[in-house]
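Raw contents of coords_29.txt, compact mmCIF, C-alpha atoms:
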```txt
# COMPACT_ATOMS: atom_id res chain seq x y z
CA MET V 1 -83.80 122.56 171.74
CA LEU V 2 -86.89 120.46 172.34
CA PRO V 3 -85.94 119.19 175.82
CA LEU V 4 -85.29 122.79 176.88
CA PHE V 5 -88.69 123.89 175.60
CA LYS V 6 -90.33 121.03 177.43
CA LYS V 7 -88.60 121.80 180.70
CA GLU V 8 -89.38 125.51 180.61
CA LEU V 9 -92.89 125.58 179.21
CA VAL V 10 -94.44 122.30 180.28
CA PHE V 11 -92.87 121.36 183.60
CA LYS V 12 -91.76 124.68 185.07
CA HIS V 13 -94.49 127.14 184.07
CA HIS V 14 -97.31 124.75 183.11
CA TRP V 15 -98.35 126.96 180.20
CA LEU V 16 -98.84 124.02 177.88
CA THR V 17 -99.38 120.30 177.81
CA GLU V 18 -96.83 118.17 176.01
CA ASP V 19 -99.16 117.47 173.10
CA GLU V 20 -99.83 121.17 172.57
CA LEU V 21 -96.10 121.79 172.55
CA MET V 22 -95.57 119.12 169.91
CA ASP V 23 -98.31 120.71 167.78
CA ILE V 24 -96.67 124.11 168.07
CA ILE V 25 -93.25 122.73 167.20
CA SER V 26 -94.50 120.85 164.16
CA ILE V 27 -96.34 123.89 162.84
CA SER V 28 -93.40 126.21 163.55
CA GLN V 29 -91.14 123.91 161.58
CA SER V 30 -93.33 124.02 158.51
CA VAL V 31 -93.55 127.82 158.39
CA PRO V 32 -90.58 129.89 157.14
CA GLY V 33 -88.45 131.46 159.81
CA SER V 34 -86.51 130.06 162.71
CA LEU V 35 -88.09 127.66 165.15
CA THR V 36 -87.57 129.88 168.19
CA ILE V 37 -89.14 132.96 166.66
CA ASN V 38 -92.07 131.06 165.20
CA SER V 39 -92.91 129.20 168.36
CA ALA V 40 -92.54 132.40 170.38
CA ALA V 41 -95.01 134.17 168.10
CA PHE V 42 -97.42 131.26 168.22
CA LEU V 43 -97.27 130.87 171.97
CA GLY V 44 -97.54 134.61 172.63
CA ARG V 45 -100.53 134.86 170.34
CA THR V 46 -102.42 131.97 171.92
CA MET V 47 -101.66 133.13 175.46
CA ALA V 48 -101.96 136.91 175.34
CA GLY V 49 -103.09 138.03 171.88
CA ILE V 50 -101.06 140.11 169.47
CA LYS V 51 -99.35 142.03 172.28
CA GLY V 52 -98.17 138.70 173.66
CA ALA V 53 -96.79 137.67 170.28
CA VAL V 54 -94.85 140.94 169.92
CA PHE V 55 -93.29 140.67 173.36
CA ALA V 56 -92.49 136.98 172.99
CA ILE V 57 -90.65 137.68 169.72
CA LEU V 58 -88.81 140.60 171.31
CA GLY V 59 -87.68 138.26 174.05
CA ALA V 60 -86.54 135.63 171.58
CA ALA V 61 -84.64 138.12 169.41
CA LEU V 62 -83.02 140.12 172.21
CA ALA V 63 -80.41 137.54 173.25
CA PRO V 64 -79.02 137.10 169.72
CA MET V 65 -78.96 140.87 169.28
CA LEU V 66 -76.96 141.33 172.48
CA CYS V 67 -74.49 138.62 171.43
CA ILE V 68 -74.01 140.27 168.06
CA ALA V 69 -73.51 143.61 169.81
CA LEU V 70 -70.84 142.00 171.97
CA PHE V 71 -69.08 140.56 168.93
CA VAL V 72 -69.22 143.88 167.08
CA GLY V 73 -67.64 145.45 170.17
CA ILE V 74 -64.68 143.05 170.31
CA GLN V 75 -64.22 142.65 166.55
CA PRO V 76 -61.64 145.49 166.14
CA LEU V 77 -59.47 143.78 168.75
CA ILE V 78 -59.35 140.40 167.00
CA ASP V 79 -59.34 141.43 163.34
CA GLY V 80 -56.23 140.34 161.49
CA ASN V 81 -54.94 138.08 164.25
CA VAL V 82 -53.38 134.92 162.76
CA TYR V 83 -54.77 132.61 165.44
CA VAL V 84 -58.27 134.00 165.06
CA ASP V 85 -58.02 133.39 161.32
CA ARG V 86 -56.99 129.79 161.94
CA PHE V 87 -59.80 129.38 164.46
CA PHE V 88 -62.31 130.54 161.85
CA THR V 89 -60.78 128.28 159.19
CA GLY V 90 -61.50 125.36 161.50
CA ILE V 91 -65.03 126.59 162.10
CA ARG V 92 -65.73 126.90 158.38
CA ALA V 93 -64.73 123.28 157.88
CA ALA V 94 -66.92 122.26 160.83
CA VAL V 95 -69.94 123.99 159.32
CA ALA V 96 -69.48 121.96 156.14
CA GLY V 97 -69.63 118.82 158.31
CA LEU V 98 -72.68 120.11 160.19
CA ILE V 99 -74.57 120.82 156.98
CA LEU V 100 -73.79 117.36 155.64
CA SER V 101 -75.08 115.84 158.87
CA ALA V 102 -78.26 117.95 158.68
CA LEU V 103 -78.78 116.76 155.12
CA PHE V 104 -78.45 113.14 156.19
CA ASP V 105 -80.95 113.72 159.01
CA LEU V 106 -83.45 115.39 156.70
CA ARG V 107 -83.15 112.73 154.02
CA ARG V 108 -85.18 110.28 156.06
CA HIS V 109 -88.08 112.67 156.70
CA VAL V 110 -88.20 114.64 153.49
CA LEU V 111 -87.29 112.37 150.61
CA GLN V 112 -90.22 110.00 150.71
CA SER V 113 -90.59 109.37 146.99
CA LYS V 114 -88.54 109.63 143.84
CA ALA V 115 -90.38 112.80 142.89
CA ASP V 116 -89.02 114.50 146.04
CA LEU V 117 -85.53 113.51 144.97
CA VAL V 118 -86.17 115.02 141.55
CA ILE V 119 -87.34 118.30 143.12
CA MET V 120 -84.26 118.37 145.33
CA ALA V 121 -81.81 117.67 142.52
CA GLY V 122 -83.61 120.10 140.24
CA SER V 123 -83.54 122.95 142.73
CA PHE V 124 -79.88 122.27 143.44
CA ALA V 125 -79.08 122.43 139.73
CA ALA V 126 -81.24 125.52 139.36
CA ILE V 127 -79.37 127.45 142.02
CA GLN V 128 -75.88 126.10 141.37
CA VAL V 129 -75.75 125.84 137.60
CA PHE V 130 -78.50 128.03 136.20
CA ASP V 131 -78.31 130.68 138.94
CA ILE V 132 -82.08 131.10 139.14
CA ASN V 133 -83.72 133.35 141.72
CA PHE V 134 -84.63 131.37 144.82
CA ILE V 135 -88.25 132.52 144.85
CA TYR V 136 -88.77 130.68 141.56
CA ILE V 137 -87.11 127.59 142.99
CA ILE V 138 -89.39 127.45 146.03
CA ALA V 139 -92.38 128.15 143.78
CA CYS V 140 -91.33 125.30 141.51
CA GLY V 141 -91.15 122.88 144.43
CA ILE V 142 -94.63 123.86 145.61
CA LEU V 143 -96.14 123.72 142.12
CA CYS V 144 -94.58 120.35 141.39
CA SER V 145 -95.85 118.86 144.63
CA LEU V 146 -99.37 120.21 144.02
CA PHE V 147 -99.21 118.93 140.42
CA LEU V 148 -98.51 115.39 141.61
CA TYR V 149 -101.23 115.69 144.28
CA PHE V 150 -103.85 116.76 141.72
CA LEU V 151 -102.72 114.04 139.33
CA ALA V 152 -103.08 111.41 142.01
CA ASN V 153 -106.57 112.68 142.91
CA LYS V 154 -107.56 112.92 139.22
CA ASN V 155 -108.42 116.60 139.68
CA LYS V 156 -108.21 117.86 136.08
CA ILE V 157 -108.98 121.52 136.88
CA GLY V 158 -106.27 121.65 139.52
CA THR V 159 -103.72 120.07 137.19
CA ALA V 160 -104.62 122.52 134.45
CA VAL V 161 -104.30 125.48 136.83
CA ILE V 162 -100.87 124.30 137.98
CA LEU V 163 -99.63 123.77 134.43
CA GLY V 164 -101.06 127.15 133.43
CA SER V 165 -99.28 128.96 136.25
CA ASN V 166 -96.11 127.11 135.30
CA LEU V 167 -96.52 128.40 131.74
CA ALA V 168 -97.08 131.91 133.09
CA ILE V 169 -93.88 131.74 135.16
CA SER V 170 -91.98 130.43 132.13
CA ALA V 171 -93.30 133.38 130.12
CA ILE V 172 -92.22 135.88 132.80
CA ASN V 173 -88.73 134.44 133.15
CA TYR V 174 -87.71 132.29 130.22
CA ARG V 175 -84.50 131.13 131.92
CA THR V 176 -86.48 129.28 134.56
CA ALA V 177 -88.54 127.53 131.90
CA TYR V 178 -85.97 124.80 131.12
CA VAL V 179 -85.50 123.86 134.76
CA PHE V 180 -89.19 124.04 135.59
CA TRP V 181 -90.32 121.83 132.75
CA ALA V 182 -87.44 119.42 133.30
CA ILE V 183 -88.40 119.02 136.96
CA PHE V 184 -92.07 118.63 136.08
CA GLY V 185 -91.34 116.07 133.38
CA LEU V 186 -89.02 114.00 135.53
CA ALA V 187 -91.41 114.15 138.48
CA TYR V 188 -94.21 112.98 136.20
CA ILE V 189 -92.12 110.07 134.99
CA CYS V 190 -91.29 109.18 138.60
CA TYR V 191 -94.95 109.37 139.49
CA GLN V 192 -95.95 107.04 136.68
CA TYR V 193 -93.10 104.67 137.53
CA ASP V 194 -94.17 104.55 141.19
CA LYS V 195 -97.73 103.90 140.11
CA TYR V 196 -96.52 101.10 137.86
CA LEU V 197 -94.50 99.62 140.72
CA ILE V 198 -97.48 99.79 143.06
CA ARG V 199 -99.71 98.13 140.49
CA LYS V 200 -97.12 95.41 139.98
CA ARG V 201 -96.84 94.91 143.73
CA ILE V 202 -100.61 94.65 144.10
CA GLY V 203 -100.65 92.13 141.26
CA ASN V 204 -97.89 90.15 142.93
CA GLU V 205 -99.68 90.29 146.25
CA SER V 206 -102.87 88.87 144.76
CA ASN V 207 -100.81 86.18 143.04
CA ASP V 208 -99.11 85.52 146.35
CA LYS V 209 -102.49 85.26 148.00
CA LYS V 210 -103.55 82.67 145.41
CA ASP V 211 -100.30 80.85 145.92
CA THR V 212 -100.65 80.91 149.67
CA ALA V 213 -104.27 79.77 149.37
CA VAL V 214 -103.22 76.88 147.17
CA LYS V 215 -100.39 76.09 149.50
CA ALA V 216 -102.72 76.25 152.49
CA GLU V 217 -105.13 73.87 150.80
CA LYS V 218 -102.30 71.54 149.96
CA THR V 219 -100.90 71.62 153.47
CA GLU V 220 -104.36 71.09 154.88
CA LYS V 221 -104.91 68.13 152.60
CA ARG V 222 -101.54 66.79 153.54
CA ARG V 223 -102.29 67.29 157.22
CA ARG V 224 -105.62 65.56 156.84
CA SER V 225 -104.09 62.66 154.99
CA GLU V 226 -101.34 62.53 157.54
CA SER V 227 -103.83 62.55 160.38
CA LYS V 228 -105.77 59.88 158.55
CA SER V 229 -102.66 57.84 158.13
CA THR V 230 -101.73 58.37 161.78
CA LYS V 231 -105.27 57.42 162.74
CA ASN V 232 -104.96 54.36 160.60
CA TYR V 233 -101.65 53.69 162.17
CA GLU V 234 -103.08 54.15 165.63
CA LEU V 235 -106.02 52.03 164.75
CA LYS V 236 -103.66 49.49 163.38
CA GLY V 237 -101.73 49.76 166.57
CA GLU V 238 -104.86 49.33 168.64
CA GLU V 239 -105.83 46.39 166.52
CA ALA V 240 -102.41 45.08 166.99
CA ASN V 241 -102.75 45.61 170.73
CA ALA V 242 -106.12 43.99 170.73
CA ASN V 243 -104.74 41.15 168.77
CA THR V 244 -102.00 40.63 171.21
CA MET R 1 -82.42 154.73 151.78
CA LEU R 2 -79.80 152.03 152.12
CA ILE R 3 -81.41 150.96 155.36
CA LEU R 4 -84.78 150.65 153.68
CA GLU R 5 -83.32 148.45 150.94
CA LEU R 6 -81.71 146.35 153.64
CA PHE R 7 -85.09 145.99 155.30
CA LEU R 8 -86.72 144.88 152.06
CA ARG R 9 -83.98 142.37 151.27
CA PHE R 10 -84.22 140.75 154.67
CA PHE R 11 -88.00 140.84 154.52
CA LYS R 12 -87.82 138.82 151.30
CA LEU R 13 -85.39 136.39 152.92
CA GLY R 14 -87.71 135.98 155.90
CA PHE R 15 -90.40 134.50 153.70
CA ILE R 16 -88.25 131.72 152.27
CA SER R 17 -86.06 130.74 155.20
CA PHE R 18 -87.42 127.22 155.38
CA GLY R 19 -85.71 124.43 157.19
CA GLY R 20 -83.53 126.35 159.62
CA GLY R 21 -80.47 128.39 158.88
CA TYR R 22 -78.51 126.16 156.53
CA ALA R 23 -81.01 126.21 153.71
CA ILE R 24 -80.62 129.88 152.94
CA ILE R 25 -76.88 130.53 153.13
CA PRO R 26 -76.36 130.94 149.36
CA LEU R 27 -79.42 133.17 149.16
CA LEU R 28 -78.30 135.16 152.17
CA TYR R 29 -74.90 135.66 150.56
CA LYS R 30 -76.47 136.76 147.32
CA GLU R 31 -78.73 139.28 149.00
CA VAL R 32 -76.10 140.59 151.37
CA SER R 33 -73.32 140.89 148.81
CA GLY R 34 -75.59 143.06 146.69
CA ILE R 35 -75.59 145.72 149.38
CA TRP R 36 -72.46 145.15 151.47
CA ARG R 37 -68.92 144.41 150.25
CA VAL R 38 -68.00 141.03 151.68
CA THR R 39 -65.90 138.15 150.37
CA LYS R 40 -67.15 134.58 150.47
CA THR R 41 -64.61 133.64 153.13
CA GLN R 42 -65.55 136.55 155.40
CA PHE R 43 -69.19 135.65 154.99
CA ALA R 44 -68.53 131.98 155.77
CA ASN R 45 -66.63 133.10 158.89
CA LEU R 46 -69.67 135.07 160.00
CA ILE R 47 -71.98 132.10 159.47
CA GLY R 48 -69.61 129.97 161.53
CA LEU R 49 -69.70 132.58 164.26
CA PHE R 50 -73.51 132.64 164.24
CA GLU R 51 -73.34 128.91 164.80
CA LEU R 52 -71.80 129.70 168.20
CA THR R 53 -74.14 132.52 169.21
CA PRO R 54 -77.71 131.87 170.34
CA GLY R 55 -80.53 132.44 167.88
CA SER R 56 -80.89 131.43 164.28
CA VAL R 57 -78.43 132.24 161.52
CA THR R 58 -80.90 134.51 159.73
CA VAL R 59 -81.67 136.72 162.72
CA ASN R 60 -78.02 137.00 163.67
CA ALA R 61 -76.97 137.80 160.12
CA ALA R 62 -79.65 140.46 159.87
CA GLY R 63 -78.42 142.07 163.09
CA TYR R 64 -74.76 141.98 162.08
CA VAL R 65 -75.11 143.11 158.49
CA GLY R 66 -77.61 145.77 159.51
CA TYR R 67 -75.13 147.14 162.04
CA GLN R 68 -72.31 147.19 159.47
CA ILE R 69 -74.39 149.21 157.05
CA GLY R 70 -76.60 151.41 159.18
CA LYS R 71 -75.29 151.13 162.74
CA ILE R 72 -77.99 150.56 165.36
CA PRO R 73 -81.04 151.70 163.35
CA GLY R 74 -79.90 149.43 160.53
CA ALA R 75 -79.51 146.47 162.85
CA VAL R 76 -82.93 146.95 164.40
CA LEU R 77 -84.69 147.51 161.09
CA SER R 78 -83.15 144.53 159.30
CA THR R 79 -83.88 142.27 162.27
CA ILE R 80 -87.49 143.41 162.20
CA GLY R 81 -87.47 142.77 158.46
CA VAL R 82 -86.38 139.19 158.85
CA ILE R 83 -88.75 138.48 161.74
CA LEU R 84 -91.83 140.17 160.31
CA PRO R 85 -92.72 137.43 157.77
CA SER R 86 -92.75 134.70 160.37
CA PHE R 87 -94.71 136.98 162.71
CA ILE R 88 -97.39 137.64 160.08
CA LEU R 89 -97.58 134.00 158.99
CA MET R 90 -97.78 132.71 162.55
CA LEU R 91 -100.55 135.18 163.41
CA ILE R 92 -102.58 134.00 160.43
CA ILE R 93 -101.91 130.34 161.12
CA SER R 94 -102.60 130.44 164.85
CA SER R 95 -106.05 131.90 164.16
CA LEU R 96 -106.95 129.13 161.71
CA LEU R 97 -104.94 126.36 163.28
CA LYS R 98 -107.30 123.47 162.61
CA LYS R 99 -107.80 124.34 158.98
CA PHE R 100 -104.07 124.71 158.47
CA SER R 101 -102.95 121.46 159.98
CA GLU R 102 -105.70 119.34 158.43
CA ASN R 103 -105.79 120.82 154.94
CA ASP R 104 -104.37 118.51 152.25
CA ILE R 105 -103.22 121.37 150.06
CA THR R 106 -101.09 122.97 152.79
CA LYS R 107 -99.60 119.57 153.49
CA GLU R 108 -98.68 119.21 149.82
CA VAL R 109 -97.22 122.72 149.75
CA ILE R 110 -95.00 121.88 152.70
CA ARG R 111 -94.05 118.58 151.09
CA GLY R 112 -92.95 120.43 147.99
CA VAL R 113 -91.06 123.15 149.82
CA ARG R 114 -88.93 120.80 151.85
CA PRO R 115 -87.13 119.02 148.99
CA ALA R 116 -86.54 122.40 147.33
CA ALA R 117 -85.05 123.69 150.59
CA MET R 118 -82.87 120.58 150.71
CA GLY R 119 -81.61 121.35 147.23
CA ILE R 120 -80.63 124.83 148.37
CA MET R 121 -78.97 123.23 151.40
CA CYS R 122 -76.80 121.13 149.06
CA SER R 123 -75.80 124.38 147.45
CA SER R 124 -74.81 125.82 150.83
CA LEU R 125 -72.74 122.68 151.42
CA ILE R 126 -70.91 123.48 148.17
CA PHE R 127 -70.49 127.05 149.41
CA PHE R 128 -68.78 125.89 152.59
CA ILE R 129 -66.68 123.26 150.88
CA GLY R 130 -65.55 125.98 148.50
CA THR R 131 -64.50 128.27 151.32
CA SER R 132 -62.82 125.68 153.53
CA ILE R 133 -61.81 122.34 152.03
CA ILE R 134 -61.10 123.72 148.59
CA GLU R 135 -59.10 126.62 149.88
CA ALA R 136 -60.61 130.04 149.74
CA GLY R 137 -59.85 132.04 146.64
CA LYS R 138 -58.42 129.03 144.84
CA MET R 139 -61.76 127.65 143.68
CA PRO R 140 -61.03 126.25 140.21
CA LYS R 141 -62.70 128.27 137.49
CA SER R 142 -62.30 125.67 134.76
CA ILE R 143 -61.62 121.95 134.69
CA SER R 144 -57.95 122.38 133.73
CA ASP R 145 -57.19 124.42 136.89
CA PRO R 146 -55.58 122.44 139.68
CA LEU R 147 -57.80 121.62 142.64
CA VAL R 148 -56.13 122.70 145.88
CA ILE R 149 -57.46 120.73 148.81
CA SER R 150 -56.64 121.79 152.34
CA ILE R 151 -56.00 118.54 154.22
CA PRO R 152 -56.50 119.98 157.76
CA SER R 153 -59.87 121.41 156.75
CA LEU R 154 -60.88 118.08 155.26
CA ILE R 155 -59.92 116.29 158.48
CA ILE R 156 -61.85 118.80 160.61
CA ALA R 157 -64.92 118.56 158.39
CA VAL R 158 -64.95 114.75 158.49
CA LEU R 159 -64.41 114.70 162.25
CA SER R 160 -67.19 117.19 162.93
CA PHE R 161 -69.56 115.29 160.65
CA TYR R 162 -68.72 112.09 162.51
CA ALA R 163 -69.19 113.74 165.92
CA VAL R 164 -72.55 115.27 165.11
CA HIS R 165 -74.03 112.52 162.99
CA LYS R 166 -72.83 109.39 164.75
CA LYS R 167 -72.08 110.55 168.29
CA ASN R 168 -74.82 113.20 168.65
CA VAL R 169 -72.47 115.77 170.15
CA ASN R 170 -73.93 119.25 170.58
CA PRO R 171 -73.04 121.34 167.48
CA ILE R 172 -71.76 124.19 169.67
CA TRP R 173 -69.08 121.96 171.20
CA VAL R 174 -68.24 120.58 167.77
CA THR R 175 -67.81 124.08 166.38
CA LEU R 176 -65.63 125.17 169.29
CA GLY R 177 -63.53 122.01 169.04
CA ALA R 178 -63.15 122.52 165.32
CA GLY R 179 -61.94 126.06 165.98
CA ALA R 180 -59.37 124.75 168.44
CA LEU R 181 -58.25 122.11 165.94
CA GLY R 182 -57.98 124.84 163.35
CA VAL R 183 -55.61 126.80 165.57
CA LEU R 184 -53.48 123.66 165.98
CA LEU R 185 -53.54 122.24 162.45
CA VAL R 186 -53.99 125.00 159.91
CA LYS R 187 -50.88 126.75 158.68
```

Spell out the structure here as structure tokens.
Amino acid sequence: MLPLFKKELVFKHHWLTEDELMDIISISQSVPGSLTINSAAFLGRTMAGIKGAVFAILGAALAPMLCIALFVGIQPLIDGNVYVDRFFTGIRAAVAGLILSALFDLRRHVLQSKADLVIMAGSFAAIQVFDINFIYIIACGILCSLFLYFLANKNKIGTAVILGSNLAISAINYRTAYVFWAIFGLAYICYQYDKYLIRKRIGNESNDKKDTAVKAEKTEKRRRSESKSTKNYELKGEEANANT
Amino acid sequence: MLILELFLRFFKLGFISFGGGYAIIPLLYKEVSGIWRVTKTQFANLIGLFELTPGSVTVNAAGYVGYQIGKIPGAVLSTIGVILPSFILMLIISSLLKKFSENDITKEVIRGVRPAAMGIMCSSLIFFIGTSIIEAGKMPKSISDPLVISIPSLIIAVLSFYAVHKKNVNPIWVTLGAGALGVLLVK
């Protein structure tokens, strides 16, 4: 996708520089909706106002619509065919593989801490086991992330607001309450554990620094004594030379 | 009236379709099956088809389902419904671009949304495993039920994962190849 964008927008039409394109892509990825539609809206808006955004989106949505129209047209012809069924069975298996690959790709970018892993596992359990409405799941992810952010910045008001809104959501829908509080609790534990690890690492690093300093002193002393000894040796040698 | 409900359902989906098409398949199924009679296998077939057509899964699904329910007006309206949220959000964001990309809170919001979307993606993986590798309709309801695994599907899934993840083959070719393998292997 990206190379195509670059070729069309940057090199062919010179509408954008490469940096601007990267900005647009990164913002489009973080907003809901597909990348094509989002970047079309963004680009249209910045180039030709709201009218531009509308027409850019129309352009981006037209090709899929036409393809769907084509498929709807030929669907009566292929429905019930054994080979078509087998073809689709293969495709279904392939999509499972594609999703797994996408998950592996995302793992590197998204799961940066243990708390992220907790949010992921929690939302999976919420949708698969507890069958909770997805809006609550997304809300839980956002609230949990903000909760950790406020905790890290020692913003007591923010933390209280987040916990309060969590309570409110639990009151509205009691079934979400278990999952929400479980995710929050586990994320909090992860946060404290990470903090503990960081503290430990800092402590170790300062110890290491002391160690290295001591070692450096020792090696310096050794070097000096060695150089002294070599000097002595040389002197001795010179003396020896002089003597001979 | 049905068309209007369709519009609202897709409008709701448009707001939460984070992280590309895969992250919302279970949600899409839930919303669509509430208004249109479709089995899990049929729905999975459609998603596989949208993998081959240009455009994102959400937009394609909106067009297709809208057509099935309300013919052309339905298709147009549900597509608008799914696009409208990203249109509105992008208009707001492009006018306050600097504030958006440099604000810590928005960064944290995005950081929280992504793992949640990944969790939903795991669920869509389960959805597809349920409709392909564990053969459709034979999904075990309790632990004592036998688990029927379709070996050809398993082989195709592993091969396509290997091709995309390790060899960086274009997903469209992988999907087409998997379809061809399906014609050859599946009985």

Q: Please determine the residues with any atom at most 6 Å from (-66.0, 129.3, 164.1) (coordinates as given in the file, with all atoms listed in the file counting) and report them as a VMD selection string.
A: (chain V and resid 88 91) or (chain R and resid 48 to 49 175 179)

Q: Grab the atom CA of R:Ile69 to atom CA of R:Arg37 distance for me, in Å with one decimal place.
A: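 Between atom CA of R:Ile69 and atom CA of R:Arg37 the gap is 10.0 Å.
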
Q: Would you mind telling me which residue in V:Phe184, V:Thr46, V:Asn133, V:Leu4 lies nearest to R:Leu28 when using only C-alpha atoms?
A: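 Ranked by minimum distance to R:Leu28, first place goes to V:Asn133.
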
Q.
Set the distance at 8 Å and use all atoms listed in the file: which residues neighbour stretch 102-105 of chain V once local chain neighbours fewer than 2 positions away are removed? I'd like the list as JSON, numbers by chain.
A. {"V": [98, 99, 100, 107, 108, 109], "R": [118, 121, 122]}

Could the residues in this selection be written to a file with C-alpha atoms, as an mmCIF file, in the coordinates of the input?
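Once written, result.cif looks like this:
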```cif
data_model
loop_
_atom_site.group_PDB
_atom_site.id
_atom_site.type_symbol
_atom_site.label_atom_id
_atom_site.label_comp_id
_atom_site.auth_asym_id
_atom_site.auth_seq_id
_atom_site.Cartn_x
_atom_site.Cartn_y
_atom_site.Cartn_z
ATOM 1 C CA LEU V 98 -72.680 120.110 160.190
ATOM 2 C CA ILE V 99 -74.570 120.820 156.980
ATOM 3 C CA LEU V 100 -73.790 117.360 155.640
ATOM 4 C CA ARG V 107 -83.150 112.730 154.020
ATOM 5 C CA ARG V 108 -85.180 110.280 156.060
ATOM 6 C CA HIS V 109 -88.080 112.670 156.700
ATOM 7 C CA MET R 118 -82.870 120.580 150.710
ATOM 8 C CA MET R 121 -78.970 123.230 151.400
ATOM 9 C CA CYS R 122 -76.800 121.130 149.060
#
```

Q | Shortest interatomic distance to chain V - which of R:Pro152, R:Gly130, R:Gly119, R:Gly70, counting only C-alpha atoms | A |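 Nearest to chain V: R:Gly119.
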
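Our summary of the geometry notes that atom CA of R:Ile92 is positioned 28.1 Å from atom CA of V:Phe11.
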
Q. Can you tell me how far atom CA of V:Lys154 sits from atom CA of V:Ser123, in Å to one decimal?
A. 26.3 Å

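Across R:Val38, R:Ala62, R:Ala157, R:Leu46, the tightest approach to chain V is made by R:Ala157 when counting only C-alpha atoms.
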
Q | Distance query stretch 185-200 of chain V at most 6 Å, only C-alpha atoms, self and fewer than 3 positions along chain excluded, as a PyMOL selection string | A | chain V and resi 114-115+181-182+203

Q) Pick the closest to R:Ala163 from R:Ala75, R:Gly177, R:Pro115, R:Phe127: which is it, counting all atoms listed in the file? A)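 With all atoms listed in the file as the atom set, the closest residue is R:Gly177.
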
(Q) With distances taken over all atoms listed in the file, which residue among R:Asn170, R:Ser153, R:Thr106, R:Ser94 lies nearest V:Ala41? (A) R:Ser94

(Q) Using all atoms listed in the file - which residues lie no farther than 12 Å from the point (-84.4, 122.1, 134.2) in the file's frame? Write them as JSON, numbers by chain. (A) {"V": [118, 119, 120, 121, 122, 123, 124, 125, 126, 127, 128, 129, 130, 131, 132, 137, 140, 170, 174, 175, 176, 177, 178, 179, 180, 181, 182, 183, 184, 185, 186, 187]}

So that all listed atoms of stretch 9-27 of chain V fit with 5 Å spare on each side, what axis-aligned box centre and edge lengths in Å, to one decimal, would you give as JSON?
```
{"center_x": -95.8, "center_y": 122.3, "center_z": 174.0, "size_x": 18.1, "size_y": 19.7, "size_z": 32.2}
```

Residues within 6 Å of R:Ile120, please, as a JSON list (two decimals) with C-alpha atoms, keeping the file's coordinate frame. Count all atoms listed in the file; anything in the same chain fewer than 3 positions from it doesn't count.
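Final output, selection.json:
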```json
[["chain", "number", "residue", "atom", "x", "y", "z"],
["V", 124, "PHE", "CA", -79.88, 122.27, 143.44],
["R", 23, "ALA", "CA", -81.01, 126.21, 153.71],
["R", 117, "ALA", "CA", -85.05, 123.69, 150.59],
["R", 123, "SER", "CA", -75.80, 124.38, 147.45]]
```

Q.
List the spatial neighbours of stretch 7-15 of chain R as a PyMOL selection string - criterion: any atom at most 9 Å away, only C-alpha atoms, same-chain residues fewer than 6 positions off excluded.
A. (chain V and resi 31-33) or (chain R and resi 24+27-28+31-32+58+62+66+74+77-86+89)

(Q) So that I can see what lies close to R:Val183, please list as number ranges by chain the residues with an atom at most 6 Å from it, counting all atoms listed in the file and leaving out residues fewer than 2 positions away in the same chain. (A) V: 83, 86-87; R: 180-181, 185

Fill-in result for stretch 133-142 of chain V, N, CA and C atoms as a PDB file, keeping the file's coordinate frame:
```pdb
ATOM      1  N   ASN V 133     -83.273 132.706 140.477  1.00  0.00           N
ATOM      2  CA  ASN V 133     -83.720 133.350 141.720  1.00  0.00           C
ATOM      3  C   ASN V 133     -84.444 132.341 142.615  1.00  0.00           C
ATOM      4  N   PHE V 134     -84.136 132.416 143.921  1.00  0.00           N
ATOM      5  CA  PHE V 134     -84.630 131.370 144.820  1.00  0.00           C
ATOM      6  C   PHE V 134     -86.140 131.351 144.950  1.00  0.00           C
ATOM      7  N   ILE V 135     -86.790 132.500 144.719  1.00  0.00           N
ATOM      8  CA  ILE V 135     -88.250 132.520 144.850  1.00  0.00           C
ATOM      9  C   ILE V 135     -88.874 131.591 143.806  1.00  0.00           C
ATOM     10  N   TYR V 136     -88.269 131.589 142.591  1.00  0.00           N
ATOM     11  CA  TYR V 136     -88.770 130.680 141.560  1.00  0.00           C
ATOM     12  C   TYR V 136     -88.540 129.229 141.963  1.00  0.00           C
ATOM     13  N   ILE V 137     -87.426 128.972 142.632  1.00  0.00           N
ATOM     14  CA  ILE V 137     -87.110 127.590 142.990  1.00  0.00           C
ATOM     15  C   ILE V 137     -88.123 127.052 143.994  1.00  0.00           C
ATOM     16  N   ILE V 138     -88.397 127.869 145.037  1.00  0.00           N
ATOM     17  CA  ILE V 138     -89.390 127.450 146.030  1.00  0.00           C
ATOM     18  C   ILE V 138     -90.749 127.279 145.361  1.00  0.00           C
ATOM     19  N   ALA V 139     -91.097 128.225 144.483  1.00  0.00           N
ATOM     20  CA  ALA V 139     -92.380 128.150 143.780  1.00  0.00           C
ATOM     21  C   ALA V 139     -92.463 126.873 142.966  1.00  0.00           C
ATOM     22  N   CYS V 140     -91.346 126.512 142.333  1.00  0.00           N
ATOM     23  CA  CYS V 140     -91.330 125.300 141.510  1.00  0.00           C
ATOM     24  C   CYS V 140     -91.578 124.067 142.369  1.00  0.00           C
ATOM     25  N   GLY V 141     -90.933 124.017 143.534  1.00  0.00           N
ATOM     26  CA  GLY V 141     -91.150 122.880 144.430  1.00  0.00           C
ATOM     27  C   GLY V 141     -92.610 122.750 144.815  1.00  0.00           C
ATOM     28  N   ILE V 142     -93.227 123.878 145.188  1.00  0.00           N
ATOM     29  CA  ILE V 142     -94.630 123.860 145.610  1.00  0.00           C
ATOM     30  C   ILE V 142     -95.522 123.426 144.453  1.00  0.00           C
TER      31      ILE V 142
END
```
